[in-house]
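*Asks:* I am sharing data_28.cif, which consists of mmCIF, C-alpha atoms and all ligand atoms:
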data_data
loop_
_atom_site.label_atom_id
_atom_site.label_comp_id
_atom_site.auth_asym_id
_atom_site.auth_seq_id
_atom_site.Cartn_x
_atom_site.Cartn_y
_atom_site.Cartn_z
CA MET A 20 -20.89 2.12 -37.44
CA ASP A 21 -19.01 -1.13 -37.64
CA GLU A 22 -16.67 -2.45 -34.97
CA GLN A 23 -13.57 -1.11 -36.62
CA GLU A 24 -14.93 2.42 -36.95
CA LYS A 25 -16.00 2.35 -33.33
CA GLN A 26 -12.52 1.20 -32.32
CA GLN A 27 -11.01 4.04 -34.28
CA GLU A 28 -13.34 6.63 -32.83
CA PHE A 29 -12.58 5.28 -29.36
CA GLN A 30 -8.85 5.58 -29.94
CA GLU A 31 -9.27 9.14 -31.20
CA LYS A 32 -11.15 10.04 -28.03
CA ILE A 33 -8.34 8.58 -25.93
CA ASP A 34 -5.64 10.33 -27.96
CA SER A 35 -7.33 13.69 -27.56
CA GLY A 36 -7.61 13.19 -23.81
CA ILE A 37 -11.37 12.64 -23.58
CA THR A 38 -12.39 10.65 -20.51
CA ILE A 39 -14.26 7.39 -21.04
CA GLU A 40 -17.39 7.07 -18.91
CA PRO A 41 -19.22 3.86 -17.90
CA LYS A 42 -21.95 3.96 -20.54
CA ASP A 43 -19.68 5.00 -23.43
CA TRP A 44 -18.85 2.44 -26.07
CA MET A 45 -15.54 0.72 -25.32
CA PRO A 46 -13.70 -2.26 -26.80
CA GLU A 47 -14.50 -5.47 -24.91
CA ARG A 48 -10.84 -5.87 -24.13
CA TYR A 49 -10.57 -2.37 -22.65
CA ARG A 50 -13.45 -3.34 -20.39
CA SER A 51 -12.06 -6.72 -19.37
CA GLN A 52 -8.54 -5.41 -18.85
CA LEU A 53 -9.87 -2.64 -16.63
CA ILE A 54 -12.01 -5.04 -14.62
CA ARG A 55 -8.95 -7.22 -14.10
CA MET A 56 -6.67 -4.34 -13.20
CA MET A 57 -9.09 -2.37 -11.03
CA SER A 58 -10.42 -5.33 -9.07
CA GLN A 59 -6.84 -6.48 -8.51
CA HIS A 60 -6.09 -3.00 -7.22
CA ALA A 61 -9.15 -3.11 -4.92
CA HIS A 62 -8.14 -6.52 -3.57
CA SER A 63 -4.64 -5.18 -2.87
CA GLU A 64 -6.03 -2.35 -0.75
CA VAL A 65 -8.15 -4.77 1.24
CA VAL A 66 -5.57 -7.53 1.68
CA GLY A 67 -3.07 -4.77 2.45
CA MET A 68 -4.89 -4.15 5.72
CA LEU A 69 -3.75 -7.52 7.07
CA PRO A 70 0.03 -7.04 7.48
CA GLU A 71 -0.40 -3.69 9.23
CA GLY A 72 -3.52 -4.74 11.10
CA ASN A 73 -1.29 -7.35 12.68
CA TRP A 74 0.34 -4.60 14.78
CA ILE A 75 -2.62 -2.43 15.82
CA THR A 76 -2.97 -4.04 19.24
CA ARG A 77 0.77 -3.78 19.87
CA ALA A 78 1.41 -0.22 18.72
CA PRO A 79 4.09 1.40 20.91
CA SER A 80 1.92 4.35 21.99
CA LEU A 81 -1.67 5.53 21.87
CA ARG A 82 -0.69 8.16 19.30
CA ARG A 83 0.83 5.53 17.02
CA LYS A 84 -2.16 3.26 17.55
CA MET A 85 -4.63 5.96 16.47
CA ILE A 86 -2.51 6.75 13.42
CA LEU A 87 -2.24 3.12 12.39
CA LEU A 88 -5.96 2.51 12.91
CA SER A 89 -6.73 5.50 10.76
CA LYS A 90 -4.36 4.40 8.02
CA VAL A 91 -5.77 0.88 7.93
CA GLN A 92 -9.29 2.30 7.81
CA ASP A 93 -8.22 4.44 4.84
CA GLU A 94 -7.03 1.30 3.04
CA ALA A 95 -10.49 -0.23 3.55
CA GLY A 96 -11.91 2.96 2.05
CA HIS A 97 -9.54 2.72 -0.92
CA GLY A 98 -10.72 -0.83 -1.52
CA LEU A 99 -14.33 0.35 -1.47
CA TYR A 100 -13.75 3.28 -3.86
CA LEU A 101 -12.11 0.87 -6.26
CA TYR A 102 -14.68 -1.91 -5.98
CA SER A 103 -17.40 0.63 -6.74
CA ALA A 104 -15.46 2.01 -9.70
CA THR A 105 -14.96 -1.56 -10.98
CA GLU A 106 -18.68 -2.25 -10.75
CA THR A 107 -19.39 0.61 -13.18
CA LEU A 108 -17.90 -1.65 -15.86
CA GLY A 109 -20.73 -4.13 -15.49
CA THR A 110 -19.37 -6.67 -13.05
CA THR A 111 -20.79 -7.16 -9.55
CA ARG A 112 -19.32 -6.97 -6.06
CA GLU A 113 -20.33 -10.59 -5.53
CA LYS A 114 -18.39 -11.67 -8.61
CA VAL A 115 -15.15 -9.81 -7.91
CA ILE A 116 -15.07 -10.91 -4.26
CA ASP A 117 -15.75 -14.47 -5.32
CA ASP A 118 -12.86 -14.31 -7.79
CA LEU A 119 -10.54 -13.23 -4.99
CA LEU A 120 -11.69 -15.92 -2.56
CA GLU A 121 -11.48 -18.60 -5.25
CA GLY A 122 -7.92 -17.55 -6.01
CA LYS A 123 -8.81 -16.50 -9.57
CA ALA A 124 -7.94 -12.85 -8.99
CA LYS A 125 -4.59 -11.56 -7.85
CA TYR A 126 -3.56 -8.85 -5.43
CA SER A 127 -0.22 -7.13 -4.99
CA SER A 128 2.45 -9.64 -3.97
CA ILE A 129 3.94 -7.21 -1.47
CA PHE A 130 1.27 -8.22 1.03
CA ASN A 131 2.46 -11.81 0.99
CA TYR A 132 5.43 -10.87 3.16
CA PRO A 133 5.19 -10.98 6.96
CA THR A 134 5.41 -8.01 9.34
CA LEU A 135 7.88 -9.30 11.91
CA THR A 136 8.46 -6.18 14.00
CA TRP A 137 6.96 -2.73 14.56
CA ALA A 138 9.68 -1.37 12.28
CA ASP A 139 7.97 -3.23 9.43
CA VAL A 140 4.91 -1.04 9.93
CA MET A 141 7.11 2.05 9.67
CA VAL A 142 8.89 0.83 6.59
CA ILE A 143 5.65 -0.21 4.88
CA GLY A 144 4.35 3.33 5.31
CA TRP A 145 7.53 4.79 3.90
CA LEU A 146 8.35 2.37 1.07
CA VAL A 147 5.16 0.50 0.18
CA ASP A 148 2.87 3.52 0.38
CA GLY A 149 5.65 5.55 -1.24
CA ALA A 150 5.65 3.13 -4.18
CA ALA A 151 1.85 3.14 -4.27
CA ILE A 152 1.80 6.94 -4.52
CA ILE A 153 4.05 6.88 -7.58
CA ASN A 154 1.79 4.37 -9.31
CA GLN A 155 -1.45 6.02 -8.22
CA THR A 156 -0.43 9.53 -9.19
CA MET A 157 -0.09 8.21 -12.73
CA LEU A 158 -3.44 6.37 -12.53
CA ALA A 159 -5.20 9.54 -11.39
CA ARG A 160 -4.82 10.59 -15.04
CA SER A 161 -6.21 7.32 -16.35
CA SER A 162 -8.57 7.44 -19.34
CA TYR A 163 -11.40 5.69 -17.47
CA GLY A 164 -13.34 8.33 -15.51
CA PRO A 165 -14.42 6.34 -12.43
CA TYR A 166 -10.91 4.87 -12.03
CA SER A 167 -9.23 8.22 -12.32
CA ARG A 168 -11.66 9.88 -9.89
CA ALA A 169 -11.19 7.09 -7.33
CA MET A 170 -7.43 7.59 -7.67
CA VAL A 171 -7.63 11.33 -7.09
CA ARG A 172 -9.46 10.60 -3.85
CA ILE A 173 -6.91 7.95 -2.87
CA CYS A 174 -3.87 10.10 -3.67
CA LYS A 175 -5.13 12.81 -1.32
CA GLU A 176 -5.08 10.28 1.52
CA GLU A 177 -1.87 8.45 0.69
CA SER A 178 0.53 11.24 1.47
CA PHE A 179 -0.34 10.98 5.17
CA HIS A 180 0.37 7.23 4.99
CA LYS A 181 3.83 7.78 3.63
CA LYS A 182 4.66 10.71 5.87
CA GLN A 183 3.76 8.95 9.10
CA GLY A 184 5.93 6.00 8.04
CA TYR A 185 8.89 8.12 7.02
CA GLU A 186 8.62 10.14 10.23
CA MET A 187 8.90 6.95 12.28
CA VAL A 188 11.78 5.67 10.18
CA ALA A 189 13.61 8.97 10.74
CA THR A 190 12.95 8.83 14.48
CA MET A 191 14.13 5.26 14.88
CA ALA A 192 17.16 5.79 12.67
CA GLN A 193 18.36 8.25 15.32
CA GLY A 194 17.50 5.95 18.21
CA THR A 195 19.54 3.45 20.21
CA PRO A 196 21.84 1.03 18.34
CA GLU A 197 19.18 -1.68 18.76
CA GLN A 198 16.53 0.57 17.26
CA GLN A 199 18.80 1.52 14.39
CA GLU A 200 19.47 -2.12 13.73
CA MET A 201 15.77 -2.91 13.84
CA VAL A 202 14.77 -0.29 11.28
CA GLN A 203 17.69 -1.17 8.99
CA ASP A 204 16.68 -4.83 9.16
CA ALA A 205 13.13 -3.95 8.13
CA VAL A 206 14.42 -1.88 5.19
CA ASN A 207 16.66 -4.78 4.17
CA ARG A 208 13.67 -7.12 4.05
CA TRP A 209 11.20 -4.73 2.36
CA TRP A 210 13.35 -2.96 -0.24
CA TRP A 211 13.38 -5.66 -2.89
CA PRO A 212 9.76 -6.78 -2.51
CA THR A 213 8.80 -3.10 -2.86
CA MET A 214 10.89 -2.81 -6.05
CA MET A 215 8.90 -5.78 -7.37
CA MET A 216 5.60 -3.93 -6.84
CA PHE A 217 6.06 -2.18 -10.19
CA GLY A 218 5.90 -5.49 -12.00
CA PRO A 219 8.10 -7.18 -14.62
CA HIS A 220 10.47 -5.33 -16.93
CA ASP A 221 8.80 -3.62 -19.86
CA ASP A 222 9.91 -6.40 -22.26
CA ASP A 223 8.22 -9.02 -20.04
CA SER A 224 5.06 -7.07 -19.49
CA PRO A 225 2.68 -7.95 -22.33
CA ASN A 226 -0.21 -5.82 -21.03
CA SER A 227 1.82 -2.66 -20.63
CA ALA A 228 1.88 -1.39 -24.22
CA GLU A 229 -1.85 -1.91 -24.62
CA LEU A 230 -2.68 -0.12 -21.36
CA ILE A 231 -0.49 2.80 -22.39
CA LYS A 232 -2.10 2.95 -25.83
CA TRP A 233 -5.49 3.15 -24.13
CA GLY A 234 -4.36 5.85 -21.75
CA VAL A 235 -4.99 3.67 -18.69
CA LYS A 236 -1.32 4.03 -17.80
CA SER A 237 1.02 6.72 -19.01
CA LYS A 238 4.34 5.29 -17.79
CA THR A 239 5.95 1.88 -18.06
CA ASN A 240 6.80 -0.34 -15.10
CA ASP A 241 10.50 0.46 -15.43
CA GLU A 242 9.89 4.20 -15.59
CA LEU A 243 7.79 4.08 -12.44
CA ARG A 244 10.40 1.93 -10.68
CA GLN A 245 13.09 4.44 -11.60
CA SER A 246 11.19 7.34 -10.06
CA PHE A 247 10.63 5.27 -6.94
CA VAL A 248 14.36 4.59 -6.63
CA ASP A 249 15.39 8.18 -7.29
CA ARG A 250 13.05 9.53 -4.67
CA HIS A 251 13.55 6.95 -1.94
CA VAL A 252 17.31 6.69 -2.15
CA GLU A 253 17.50 10.39 -1.36
CA GLU A 254 15.07 9.98 1.50
CA ALA A 255 17.10 7.07 2.86
CA LYS A 256 20.27 9.14 2.74
CA ALA A 257 18.62 12.00 4.57
CA VAL A 258 17.94 9.80 7.59
CA GLY A 259 21.05 7.61 7.44
CA ILE A 260 19.39 4.42 6.21
CA GLU A 261 21.27 2.12 3.88
CA ILE A 262 19.59 0.68 0.78
CA PRO A 263 20.47 -3.01 0.47
CA ASP A 264 21.72 -2.82 -3.11
CA PRO A 265 25.49 -2.88 -3.70
CA GLU A 266 24.99 -1.82 -7.32
CA LEU A 267 23.13 1.34 -6.43
CA GLU A 268 24.96 4.31 -7.89
CA PHE A 269 24.10 7.75 -9.17
CA ASN A 270 24.58 8.00 -12.89
CA GLU A 271 25.75 11.51 -13.81
CA GLU A 272 24.89 10.96 -17.44
CA THR A 273 21.26 9.96 -16.99
CA GLY A 274 20.65 11.94 -13.83
CA HIS A 275 19.14 8.83 -12.27
CA TYR A 276 20.27 6.09 -9.91
CA ASP A 277 21.42 2.84 -11.48
CA PHE A 278 20.43 -0.20 -9.46
CA GLY A 279 20.84 -3.95 -9.26
CA GLU A 280 18.63 -6.64 -10.76
CA ILE A 281 15.52 -7.90 -9.03
CA ASP A 282 15.37 -11.58 -8.13
CA TRP A 283 12.69 -12.48 -10.68
CA ASP A 284 12.51 -16.10 -9.53
CA GLU A 285 11.35 -14.85 -6.15
CA PHE A 286 8.91 -12.47 -7.83
CA TRP A 287 7.23 -15.17 -9.92
CA ASN A 288 7.26 -17.61 -7.04
CA VAL A 289 5.28 -15.22 -4.84
CA VAL A 290 2.95 -14.32 -7.71
CA LYS A 291 2.24 -18.03 -8.16
CA GLY A 292 1.16 -18.30 -4.55
CA ASN A 293 4.27 -19.58 -2.82
CA GLY A 294 5.25 -16.47 -0.88
CA PRO A 295 5.70 -16.65 2.88
CA MET A 296 2.17 -15.39 3.62
CA ASN A 297 -0.01 -16.22 0.57
CA ARG A 298 -1.90 -19.03 2.29
CA GLU A 299 -2.31 -17.10 5.51
CA ARG A 300 -3.73 -14.02 3.72
CA MET A 301 -6.24 -16.04 1.72
CA LYS A 302 -7.28 -17.94 4.80
CA ALA A 303 -7.90 -14.67 6.67
CA LYS A 304 -9.97 -13.30 3.78
CA ARG A 305 -12.09 -16.45 3.49
CA GLU A 306 -12.71 -16.57 7.21
CA ALA A 307 -13.72 -12.92 7.27
CA HIS A 308 -16.11 -13.57 4.40
CA GLU A 309 -17.64 -16.65 6.01
CA ASN A 310 -17.88 -15.12 9.47
CA GLY A 311 -19.57 -12.04 8.05
CA GLU A 312 -22.19 -14.00 6.18
CA TRP A 313 -24.79 -13.98 8.97
CA VAL A 314 -24.32 -10.24 9.40
CA ARG A 315 -25.01 -9.58 5.74
CA GLU A 316 -28.06 -11.83 5.83
CA ALA A 317 -29.43 -10.41 9.08
CA ALA A 318 -29.05 -6.80 7.90
CA GLU A 319 -30.86 -7.60 4.69
CA GLU A 320 -33.66 -9.37 6.52
CA TYR A 321 -33.99 -6.43 8.93
CA ALA A 322 -34.22 -4.04 5.98
CA ARG A 323 -36.90 -6.22 4.39
CA LYS A 324 -39.01 -6.27 7.57
CA GLN A 325 -38.63 -2.52 8.12
CA LYS A 326 -39.83 -1.88 4.59
CA LEU A 327 -42.76 -4.22 5.08
CA SER A 328 -43.95 -2.59 8.28
CA LYS A 329 -43.60 0.85 6.69
CA GLU A 330 -45.76 -0.26 3.79
CA LYS A 331 -48.39 -1.63 6.17
CA ALA A 332 -48.45 1.57 8.18
CA SER A 333 -49.04 3.78 5.15
CA MET B 27 -12.28 -25.53 -0.88
CA SER B 28 -13.68 -26.13 2.57
CA ASN B 29 -16.74 -24.03 1.85
CA SER B 30 -19.87 -26.17 1.82
CA LYS B 31 -21.45 -23.98 -0.86
CA GLU B 32 -20.46 -24.32 -4.46
CA SER B 33 -19.27 -20.74 -4.53
CA ASN B 34 -18.95 -17.79 -2.20
CA TYR B 35 -21.70 -15.91 -4.00
CA ASP B 36 -24.03 -14.39 -1.50
CA THR B 37 -25.60 -11.03 -0.88
CA GLN B 38 -23.42 -7.94 -0.90
CA TRP B 39 -26.52 -5.76 -0.49
CA PRO B 40 -27.97 -3.35 -3.06
CA LEU B 41 -25.91 -0.62 -4.70
CA TRP B 42 -26.38 3.05 -3.74
CA GLU B 43 -25.03 6.25 -5.25
CA VAL B 44 -23.62 8.82 -2.87
CA PHE B 45 -23.78 12.60 -3.30
CA THR B 46 -21.88 14.84 -0.93
CA GLN B 47 -22.13 18.55 -0.25
CA PRO B 48 -18.55 19.65 0.39
CA ARG B 49 -19.36 22.92 2.18
CA ASP B 50 -22.34 24.94 3.19
CA GLY B 51 -23.71 26.76 0.15
CA LYS B 52 -22.17 24.36 -2.37
CA PRO B 53 -24.20 21.95 -4.49
CA HIS B 54 -24.17 18.19 -3.88
CA GLU B 55 -21.75 16.28 -6.05
CA HIS B 56 -21.50 12.61 -6.99
CA ALA B 57 -18.85 10.99 -4.76
CA GLY B 58 -19.13 7.33 -5.74
CA SER B 59 -21.20 4.35 -4.76
CA LEU B 60 -21.43 1.72 -2.06
CA HIS B 61 -23.45 -1.26 -0.88
CA ALA B 62 -25.92 -1.15 1.98
CA PRO B 63 -29.01 -3.07 3.09
CA ASP B 64 -31.14 0.06 3.60
CA ALA B 65 -31.09 3.85 3.36
CA GLU B 66 -30.09 4.40 6.97
CA LYS B 67 -27.10 2.08 6.67
CA ALA B 68 -26.25 3.59 3.30
CA LEU B 69 -25.95 7.02 4.94
CA GLU B 70 -23.69 5.68 7.70
CA ASN B 71 -21.53 3.80 5.21
CA ALA B 72 -21.34 6.90 3.02
CA ARG B 73 -20.06 8.91 5.97
CA ASP B 74 -17.39 6.29 6.73
CA VAL B 75 -16.34 5.76 3.12
CA TYR B 76 -16.65 9.22 1.55
CA ALA B 77 -16.35 11.66 4.45
CA ARG B 78 -13.58 10.52 6.77
CA ARG B 79 -11.93 13.94 6.56
CA LYS B 80 -14.80 16.41 6.63
CA GLU B 81 -15.37 16.09 2.88
CA ALA B 82 -19.07 16.61 3.46
CA VAL B 83 -21.50 18.64 5.53
CA ASN B 84 -24.47 16.82 4.04
CA ILE B 85 -24.98 13.52 2.21
CA TRP B 86 -27.65 12.19 -0.13
CA VAL B 87 -27.94 8.50 -0.95
CA VAL B 88 -30.15 7.00 -3.63
CA GLN B 89 -30.42 3.43 -4.84
CA THR B 90 -28.58 3.11 -8.14
CA GLU B 91 -31.48 1.35 -9.84
CA ASP B 92 -33.69 4.39 -9.16
CA ILE B 93 -31.50 6.69 -11.24
CA THR B 94 -32.44 7.38 -14.84
CA ALA B 95 -29.63 8.74 -16.98
CA SER B 96 -29.39 9.96 -20.53
CA THR B 97 -27.27 7.69 -22.69
CA PRO B 98 -24.08 8.60 -24.55
CA GLU B 99 -25.65 7.40 -27.85
CA ASP B 100 -28.31 10.10 -27.80
CA GLN B 101 -25.85 12.71 -26.60
CA GLY B 102 -26.21 14.50 -29.95
CA PRO B 103 -29.98 14.44 -30.61
CA PHE B 104 -30.96 14.74 -26.95
CA PHE B 105 -29.09 17.98 -26.39
CA ASP B 106 -29.69 19.28 -29.91
CA PRO B 107 -32.34 21.86 -28.98
CA ALA B 108 -29.63 23.96 -27.32
CA ASN B 109 -27.44 23.91 -30.42
CA ASP B 110 -29.05 26.60 -32.57
CA LYS B 111 -29.87 29.27 -30.00
CA PRO B 112 -26.92 31.63 -29.96
CA TYR B 113 -29.23 34.41 -28.76
CA ARG B 114 -29.09 32.72 -25.34
CA TYR B 115 -25.57 34.06 -24.87
CA PRO B 116 -24.54 37.67 -24.17
CA LYS B 117 -22.00 37.45 -27.00
CA PHE B 118 -24.92 37.45 -29.46
CA TYR B 119 -25.66 41.09 -28.67
CA ASN B 120 -23.96 44.26 -29.71
CA PRO B 121 -25.05 47.19 -27.55
CA PRO B 122 -23.53 50.68 -27.94
CA ARG B 123 -19.98 50.98 -26.69
CA ALA B 124 -20.60 53.42 -23.83
CA VAL B 125 -23.07 51.06 -22.25
CA LYS B 126 -20.70 48.15 -22.76
CA LYS B 127 -17.82 49.83 -20.94
CA ARG B 128 -19.71 50.64 -17.82
CA SER B 129 -21.02 47.11 -17.34
FE FE A 401 -4.25 2.63 -0.24
FE FE A 402 -1.89 3.70 1.86
#
Starting from the coordinates I provided, produce the structure as structure tokens.
*Replies:*
Amino acid sequence: MDEQEKQQEFQEKIDSGITIEPKDWMPERYRSQLIRMMSQHAHSEVVGMLPEGNWITRAPSLRRKMILLSKVQDEAGHGLYLYSATETLGTTREKVIDDLLEGKAKYSSIFNYPTLTWADVMVIGWLVDGAAIINQTMLARSSYGPYSRAMVRICKEESFHKKQGYEMVATMAQGTPEQQEMVQDAVNRWWWPTMMMFGPHDDDSPNSAELIKWGVKSKTNDELRQSFVDRHVEEAKAVGIEIPDPELEFNEETGHYDFGEIDWDEFWNVVKGNGPMNRERMKAKREAHENGEWVREAAEEYARKQKLSKEKAS
Amino acid sequence: MSNSKESNYDTQWPLWEVFTQPRDGKPHEHAGSLHAPDAEKALENARDVYARRKEAVNIWVVQTEDITASTPEDQGPFFDPANDKPYRYPKFYNPPRAVKKRS
């Protein structure tokens, strides 16, 4: 079979809903696009621990502290599911981590914003995990088997993340005037960065059409953003939170909310590394990597010696 | 970069495949993979990564390089022997009706 026939057969498999598995033939670009997308997703889970981790020691109660610890641990797990799934495509853990630390790989820009108050932790759970769920529910149907299976696992865990956040937002929105102001302020700061999580408009998103053709994604960035808005505007209303968008309005004709334009200059600026926390996040990741080096080496050396003494004994 | 090495490449430990048994009486199922320096650590990591919510009552770990798998290319020929044996299915048979009904 020549390349073109293989391509065609591959596309037919995708179109008829057959899952692609690691050892199946796949176009080189399918492979490289997936490695890019999945490792980026894994990095986002891992870097995403930092903004929330910032508040673990200052959680307002033991209950909230246990919940936050558990959520952050889940995010570590999500990163690990995704790194493993990425490795099935033929890359290595060493390589993808190196790409992150060298600044060659990206992670979601949302984590380049600071968490200034406890209310930020609440709003991240509600909005950021809420946005993640919309994206990940789609990816759970992705054409690449290991990616889709990792996503199914992740989706099961995400709903707790969102619910605990929304519960706190609801509680604080009924609190003292200061508390109400605090939660509204956090929503004001996180709304637009969360809207940006879905990426550029469809016309400015060159990868989108290809990923949809290959069944990696099934919805465009703008479609996903719209479902995020529709869902979260209702949730905001239910607890008396205001969405910081003067153009937000329900459109009777479409049955969806119309909304204002994202500040794309800000978006690209953060993507390029100039967000408020880009440097800080990368520094934390590099330090964690360097400080963990002796642990990785020692554990490997211990394993080697154990194996050796076992061999001698037998 | 401040790192004295040319790159951050270092060991991330060998790769292991994890199989979890969801409930007593159920078969083990592939859950995913992870990195660990040895089998003992692999089991602990598997518990923390793949069983944070009682997803398993038992876990197997095996080093990925020790697994031999059939390849998609020989999917056809390799499984061929099962292709022409319809008599292995109950549908192949046509017993008298009375017997059929009672079963
Ligand atoms: Fe996550
Ligand atoms: Fe989450």
*Asks:* Any idea what's packed within 10 Å of Phe45 of chain B, counting only C-alpha atoms, ignoring anything in its chain fewer than 2 positions away? Could you give it as a list in words?
*Replies:*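 The contact residues come out as Trp42, Glu43, Gln47, Pro48, Pro53, His54, Glu55, His56, Ala57, Gly58, Ser59, Ala72, Tyr76, Ala82, Asn84, Ile85, Trp86, Val87 and Val88 of chain B.
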*Asks:* Quick check, in Å to one decimal: how far apart do atom CA of Lys90 of chain A and atom CA of His180 of chain A lie?
*Replies:* 6.3 Å
*Asks:* What separation in Å, quoted to one decimal, exists between atom CA of Asp74 of chain B and atom CA of Pro133 of chain A?
*Replies:*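 So the answer is 28.4 Å.
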*Asks:* Could you work out how far atom CA of Trp233 of chain A lies from atom CA of Ile116 of chain A, giving the answer in Å with one decimal?
*Replies:*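 One can read the atom CA of Ile116 of chain A to atom CA of Trp233 of chain A distance as 26.2 Å.
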*Asks:* Residues up to 6 Å from ligand FE 401 (chain A), counting only C-alpha atoms and all ligand atoms: could you list those as a VMD selection string?
*Replies:* chain A and resid 64 94 97
*Asks:* Can those selected residues be exported to a file as a PDB file, keeping the file's coordinate frame so that it contains C-alpha atoms?
*Replies:*
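part38.pdb, freshly written:
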ATOM      1  CA  GLU A  64      -6.030  -2.350  -0.750  1.00  0.00           C
ATOM      2  CA  GLU A  94      -7.030   1.300   3.040  1.00  0.00           C
ATOM      3  CA  HIS A  97      -9.540   2.720  -0.920  1.00  0.00           C
TER       4      HIS A  97
END
*Asks:* Which residues are near ligand FE 402 (chain A) - at most 10 Å, using all atoms listed in the file? Format: as number ranges by chain.
*Replies:* A: 64, 67-68, 90-95, 97, 143-145, 147-152, 173-174, 176-181
*Asks:* If you keep C-alpha atoms, can you produce a file of those selected residues as an mmCIF file, in the coordinates of the input?
*Replies:*
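What landed in result.cif:
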data_model
loop_
_atom_site.group_PDB
_atom_site.id
_atom_site.type_symbol
_atom_site.label_atom_id
_atom_site.label_comp_id
_atom_site.auth_asym_id
_atom_site.auth_seq_id
_atom_site.Cartn_x
_atom_site.Cartn_y
_atom_site.Cartn_z
ATOM 1 C CA GLU A 64 -6.030 -2.350 -0.750
ATOM 2 C CA GLY A 67 -3.070 -4.770 2.450
ATOM 3 C CA MET A 68 -4.890 -4.150 5.720
ATOM 4 C CA LYS A 90 -4.360 4.400 8.020
ATOM 5 C CA VAL A 91 -5.770 0.880 7.930
ATOM 6 C CA GLN A 92 -9.290 2.300 7.810
ATOM 7 C CA ASP A 93 -8.220 4.440 4.840
ATOM 8 C CA GLU A 94 -7.030 1.300 3.040
ATOM 9 C CA ALA A 95 -10.490 -0.230 3.550
ATOM 10 C CA HIS A 97 -9.540 2.720 -0.920
ATOM 11 C CA ILE A 143 5.650 -0.210 4.880
ATOM 12 C CA GLY A 144 4.350 3.330 5.310
ATOM 13 C CA TRP A 145 7.530 4.790 3.900
ATOM 14 C CA VAL A 147 5.160 0.500 0.180
ATOM 15 C CA ASP A 148 2.870 3.520 0.380
ATOM 16 C CA GLY A 149 5.650 5.550 -1.240
ATOM 17 C CA ALA A 150 5.650 3.130 -4.180
ATOM 18 C CA ALA A 151 1.850 3.140 -4.270
ATOM 19 C CA ILE A 152 1.800 6.940 -4.520
ATOM 20 C CA ILE A 173 -6.910 7.950 -2.870
ATOM 21 C CA CYS A 174 -3.870 10.100 -3.670
ATOM 22 C CA GLU A 176 -5.080 10.280 1.520
ATOM 23 C CA GLU A 177 -1.870 8.450 0.690
ATOM 24 C CA SER A 178 0.530 11.240 1.470
ATOM 25 C CA PHE A 179 -0.340 10.980 5.170
ATOM 26 C CA HIS A 180 0.370 7.230 4.990
ATOM 27 C CA LYS A 181 3.830 7.780 3.630
#
*Asks:* Counting all atoms listed in the file, figure out which residue out of B:Thr90, B:Thr46, B:Asn71, B:Thr97 gets nearest to chain A.
*Replies:* B:Thr97
*Asks:* As a PyMOL selection string, could you give me every residue of chain B near chain A (at most 12 Å apart, counting only C-alpha atoms)?
*Replies:* chain B and resi 27-44+56-68+71-79+81+90+95-101
*Asks:* Neighbouring residues of Pro212 of chain A were defined as those with any atom within 10 Å, considering all atoms listed in the file; residues of the same chain fewer than 3 positions away were excluded. Please report them as a PyMOL selection string.
*Replies:* chain A and resi 128-132+146-147+207-209+215-217+281-282+285-286+289
